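Scroll down for the structure; my scribbles are underneath it.
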Amino acid sequence: MNHIAMLLPKEDLVSRAQVQASGHDAIAEIRCITTERAVEEAEASIRRGAVILIARGLQALRIRSGLNVPVVSVRLTAQGIGMLLRKARQFTDKPCPRVALVVVQDMLCDTSCCNLLFNVNLEIHVYRTEEEYEKVNREALNTHPDVIIGGDRTVEMAKEAGTACLFLDFSDDSFQNAIRNAEVALQANENNQRANAQIDALLNNTTDGYIQVSRTGLVTKCNDIILRDLETSFEALKGRPLWEVLPGLEREVVENVLKNGTNYSTFLHIRAQAMVAILAPVQLESGRIDSAIFSCHRVHRTIQLDPAVEDGVLLTGNLAQRTFDNVYHRSPMMARAVEQARLFSQSENPILLTGPQGSETRLLAQCIHNNGVNRTGPFVQLNCASLEPEEQMSTLFGTGYKGKDGDVNLGVFGMAENGTLMLQEIEKLSYSAQSNIYQAIRYHRIIQRNLERPVQIHVRLIVTTESDLWQMACAGQFRSDLYYLLSGLRIDLPPLKKRPEDLEDILKRTFRRTCEAYHRYHVITNGGMEELLHYDWPGNIIQVNSFMERLVLTAAHRSIDEGAIRRLWQQMFPEYTVSREETVSTFSQSREAQRITEALARNDGNRAVTAQELGISTTTLWRKIKKLGIDV
């Protein structure tokens, strides 16, 4: 059973404390201990069930520094000091003797009226640590007081110096106050244990991982879910900074949450599992930040890759998971595009998908592959915009050299053999690459400089573009023969602003899916939905996804109305015209970014030193780095 233990330096103090503790059932033991063994004796009491200790002076200091346990100090009272000063006057005949009091800081009470009341010149000498104790005693003796009052060591040093001395005794009310304070601390401890037990029951009966951190960002508690995800134990995490436990979480972010009380959310990967992570402060009624809770939720991905097949299916590009059943639409324009895709999927000839940024070109390409004659083959995707001109040919058609397995490197065309190759942003390719693509599709062969003969290839090609390839061909910016080859099976995907029948369904479905993925339970009001339908959504599906994700993660209330949506839209996609003031502001920001970048370089990336050099806080430096897009 939890109880209180009193540990005192003298037997007579123990006897007096026992009298004062009568009737206080929470005090289970009162013992005399030596200062040298204070920590060991305190540990023995803790093993017997003590959760609150009462001690005094140097012994209390030692226990606090050696153990993580609440210690209530026996403090001097005005009555106690008065009794000590009356005894001190008996050591001298001087009308106003000089009395030195050597005491640990947390034992003092108000002594401002002592000189007047007892006709003494009282000098207080305070020590805060055990290391200061000897030094403070010497300083007190060097003032040559008539009488010095203190603990055992003070009395011992005073006798050696020939100075009158008095042991620092306590009055009964000091013990009474200490007992009352200890009982309050014991009750608070029991309430805290009860709350922790309730939290433990909650945290260990959820599917999410949780970590609790202290005001300084150190791990204090976590549940079994996060331990399994991190493949570690609580003993290995306890007391460590959260940013060390989760490397993807920056120290400045944690400190900002604990300092300013703002929520923070991000994505992390824990043991190859994608997680959405939220760090929320625990704020008391007084407004003080007491701690923070880190939670992480598994992201339910559309495509869940099995690590056991990464070397097989994944590397052959077989990632097409969607069929025409996944394409939801009511718009006549989109219905026509989907119907064309169904028809064209039966052909082996290349298909050209045109549509604005963010439209469902990739989705439709997967549907075509899975509905076509090559559906059992691989589905390989390549964004041509990611290729440098000098690497286009080798990426598309390979090097022609044999690998360790004996197979000739034939690039992405070879990877897509008997399957589908999807080339995004094909207009980014050079003329020579376009020519070889024409040869590969028209004549089913690829030609490599270091091979003696052409290599036969059989690939269904799907290309996507946001550009007008016919206009580019007429301007000499795209090979006309390749355009004629691609344009036969052309599908034009309409933007969302031309699909009002689909927009509301897409918005609602995306919002619902995002809430489910992040374990949030929000609703959009009718006014909020009308506000969403009012926008043109130039970024199409990509813009819808990003906006809904931000909306769900940052929503402060369960119901999301038009005001919240309008504020977020203006924040993410502000309308503006470039003015002279903005030009000056942009120039000013670029100068500031350059100044910060140079300071970071001088300090080898150390943000604390850099912030000190720039005369700003580390948090402010972190915000500026994020705002100005500085690469660190």
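Letters A, B, ... go to the chains of the structure tokens in the order shown; residues in each chain start at 1; ligands are counted from 1 in the same order.
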Skipping near chain neighbours, those fewer than 4 positions away, what residues fall within 8 Å of stretch 207-221 of chain A using only C-alpha atoms, listed as an MDAnalysis selection string? chainID A and resid 203 225:227 229 234 237:242 254:255 258 289:298
Expected file: the selected residues, C-alpha atoms, as a short mmCIF file (atom, residue, chain, number, x, y, z; two decimals), in the first residue's frame:
```cif
data_model
loop_
_atom_site.label_atom_id
_atom_site.label_comp_id
_atom_site.auth_asym_id
_atom_site.auth_seq_id
_atom_site.Cartn_x
_atom_site.Cartn_y
_atom_site.Cartn_z
CA LEU A 203 -3.99 3.56 -25.13
CA ILE A 225 1.10 -0.72 -30.59
CA ILE A 226 3.93 1.76 -31.08
CA LEU A 227 6.41 -0.61 -29.44
CA ASP A 229 5.75 -0.78 -34.86
CA PHE A 234 9.65 0.79 -23.37
CA LEU A 237 12.56 4.53 -25.25
CA LYS A 238 11.96 5.93 -21.76
CA GLY A 239 13.70 9.24 -21.17
CA ARG A 240 14.85 9.64 -24.78
CA PRO A 241 13.94 12.73 -26.84
CA LEU A 242 11.03 12.09 -29.20
CA VAL A 254 8.52 19.12 -31.04
CA GLU A 255 9.82 22.16 -29.16
CA LEU A 258 5.49 22.21 -26.42
CA ILE A 289 1.63 23.11 -21.55
CA ASP A 290 2.09 20.07 -19.33
CA SER A 291 3.14 17.48 -21.93
CA ALA A 292 2.28 16.27 -25.43
CA ILE A 293 0.79 13.16 -27.04
CA PHE A 294 2.22 11.72 -30.25
CA SER A 295 -0.14 9.45 -32.18
CA CYS A 296 0.37 7.64 -35.45
CA HIS A 297 -2.23 6.02 -37.65
CA ARG A 298 -1.55 3.52 -40.39
#
```
For A:Thr610, list every protein, DNA or RNA residue within 10 Å, evaluated using only C-alpha atoms, and leave out those in the same chain fewer than 5 positions away; present the list as a ChimeraX atom specification. /A:596-605,615-618,621
Only C-alpha atoms, please: the residues just picked out, written as a tab-separated table (two decimals), in the first residue's frame.
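See selection.tsv below for the written result:
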```tsv
chain	number	residue	atom	x	y	z
A	596	ILE	CA	20.29	32.46	-43.69
A	597	THR	CA	21.83	29.97	-46.13
A	598	GLU	CA	25.26	31.56	-45.79
A	599	ALA	CA	24.98	31.57	-41.97
A	600	LEU	CA	24.00	27.89	-41.95
A	601	ALA	CA	26.98	27.08	-44.15
A	602	ARG	CA	29.36	28.97	-41.84
A	603	ASN	CA	28.05	27.01	-38.87
A	604	ASP	CA	28.03	23.59	-40.56
A	605	GLY	CA	24.22	23.45	-40.47
A	615	GLY	CA	19.92	37.23	-33.31
A	616	ILE	CA	16.72	35.19	-33.52
A	617	SER	CA	15.31	32.16	-31.68
A	618	THR	CA	15.75	28.62	-32.98
A	621	LEU	CA	14.89	30.27	-37.66
```
Report as a VMD selection string all protein, DNA and RNA residues lying within 10 Å of A:Arg138, evaluated on only C-alpha atoms, omitting residues in the same chain fewer than 6 positions from it. chain A and resid 154 157 to 158 161
Can you write out the residues you just picked, keeping N, CA and C atoms, as a PDB file, in the first residue's frame?
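Result file result34.pdb:
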```
ATOM      1  N   THR A 154      27.735  22.189   9.809  1.00  0.00           N
ATOM      2  CA  THR A 154      27.912  23.588  10.226  1.00  0.00           C
ATOM      3  C   THR A 154      28.383  23.655  11.673  1.00  0.00           C
ATOM      4  N   MET A 157      32.105  22.491  11.889  1.00  0.00           N
ATOM      5  CA  MET A 157      33.066  23.489  11.421  1.00  0.00           C
ATOM      6  C   MET A 157      33.139  24.677  12.379  1.00  0.00           C
ATOM      7  N   ALA A 158      32.009  25.044  12.997  1.00  0.00           N
ATOM      8  CA  ALA A 158      31.996  26.170  13.940  1.00  0.00           C
ATOM      9  C   ALA A 158      32.812  25.841  15.184  1.00  0.00           C
ATOM     10  N   ALA A 161      36.403  26.212  14.495  1.00  0.00           N
ATOM     11  CA  ALA A 161      36.801  27.618  14.380  1.00  0.00           C
ATOM     12  C   ALA A 161      36.649  28.380  15.695  1.00  0.00           C
TER      13      ALA A 161
END
```
Residue nearest A:Arg375 - candidates A:Gln357, A:Ser345, A:Ser65, A:Ser265, atoms counted: only C-alpha atoms: A:Ser345
Which residues are close to A:Ala28, i.e. within 12 Å by only C-alpha atoms, leaving aside same-chain residues fewer than 5 positions away? Reply as a ChimeraX atom specification. /A:1-7,18,21-23,45-46,48-54,179,183
Could you work out how far atom CA of A:Glu516 lies from atom CA of A:Leu363, giving the answer in Å with one decimal?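 So the answer is 21.5 Å.
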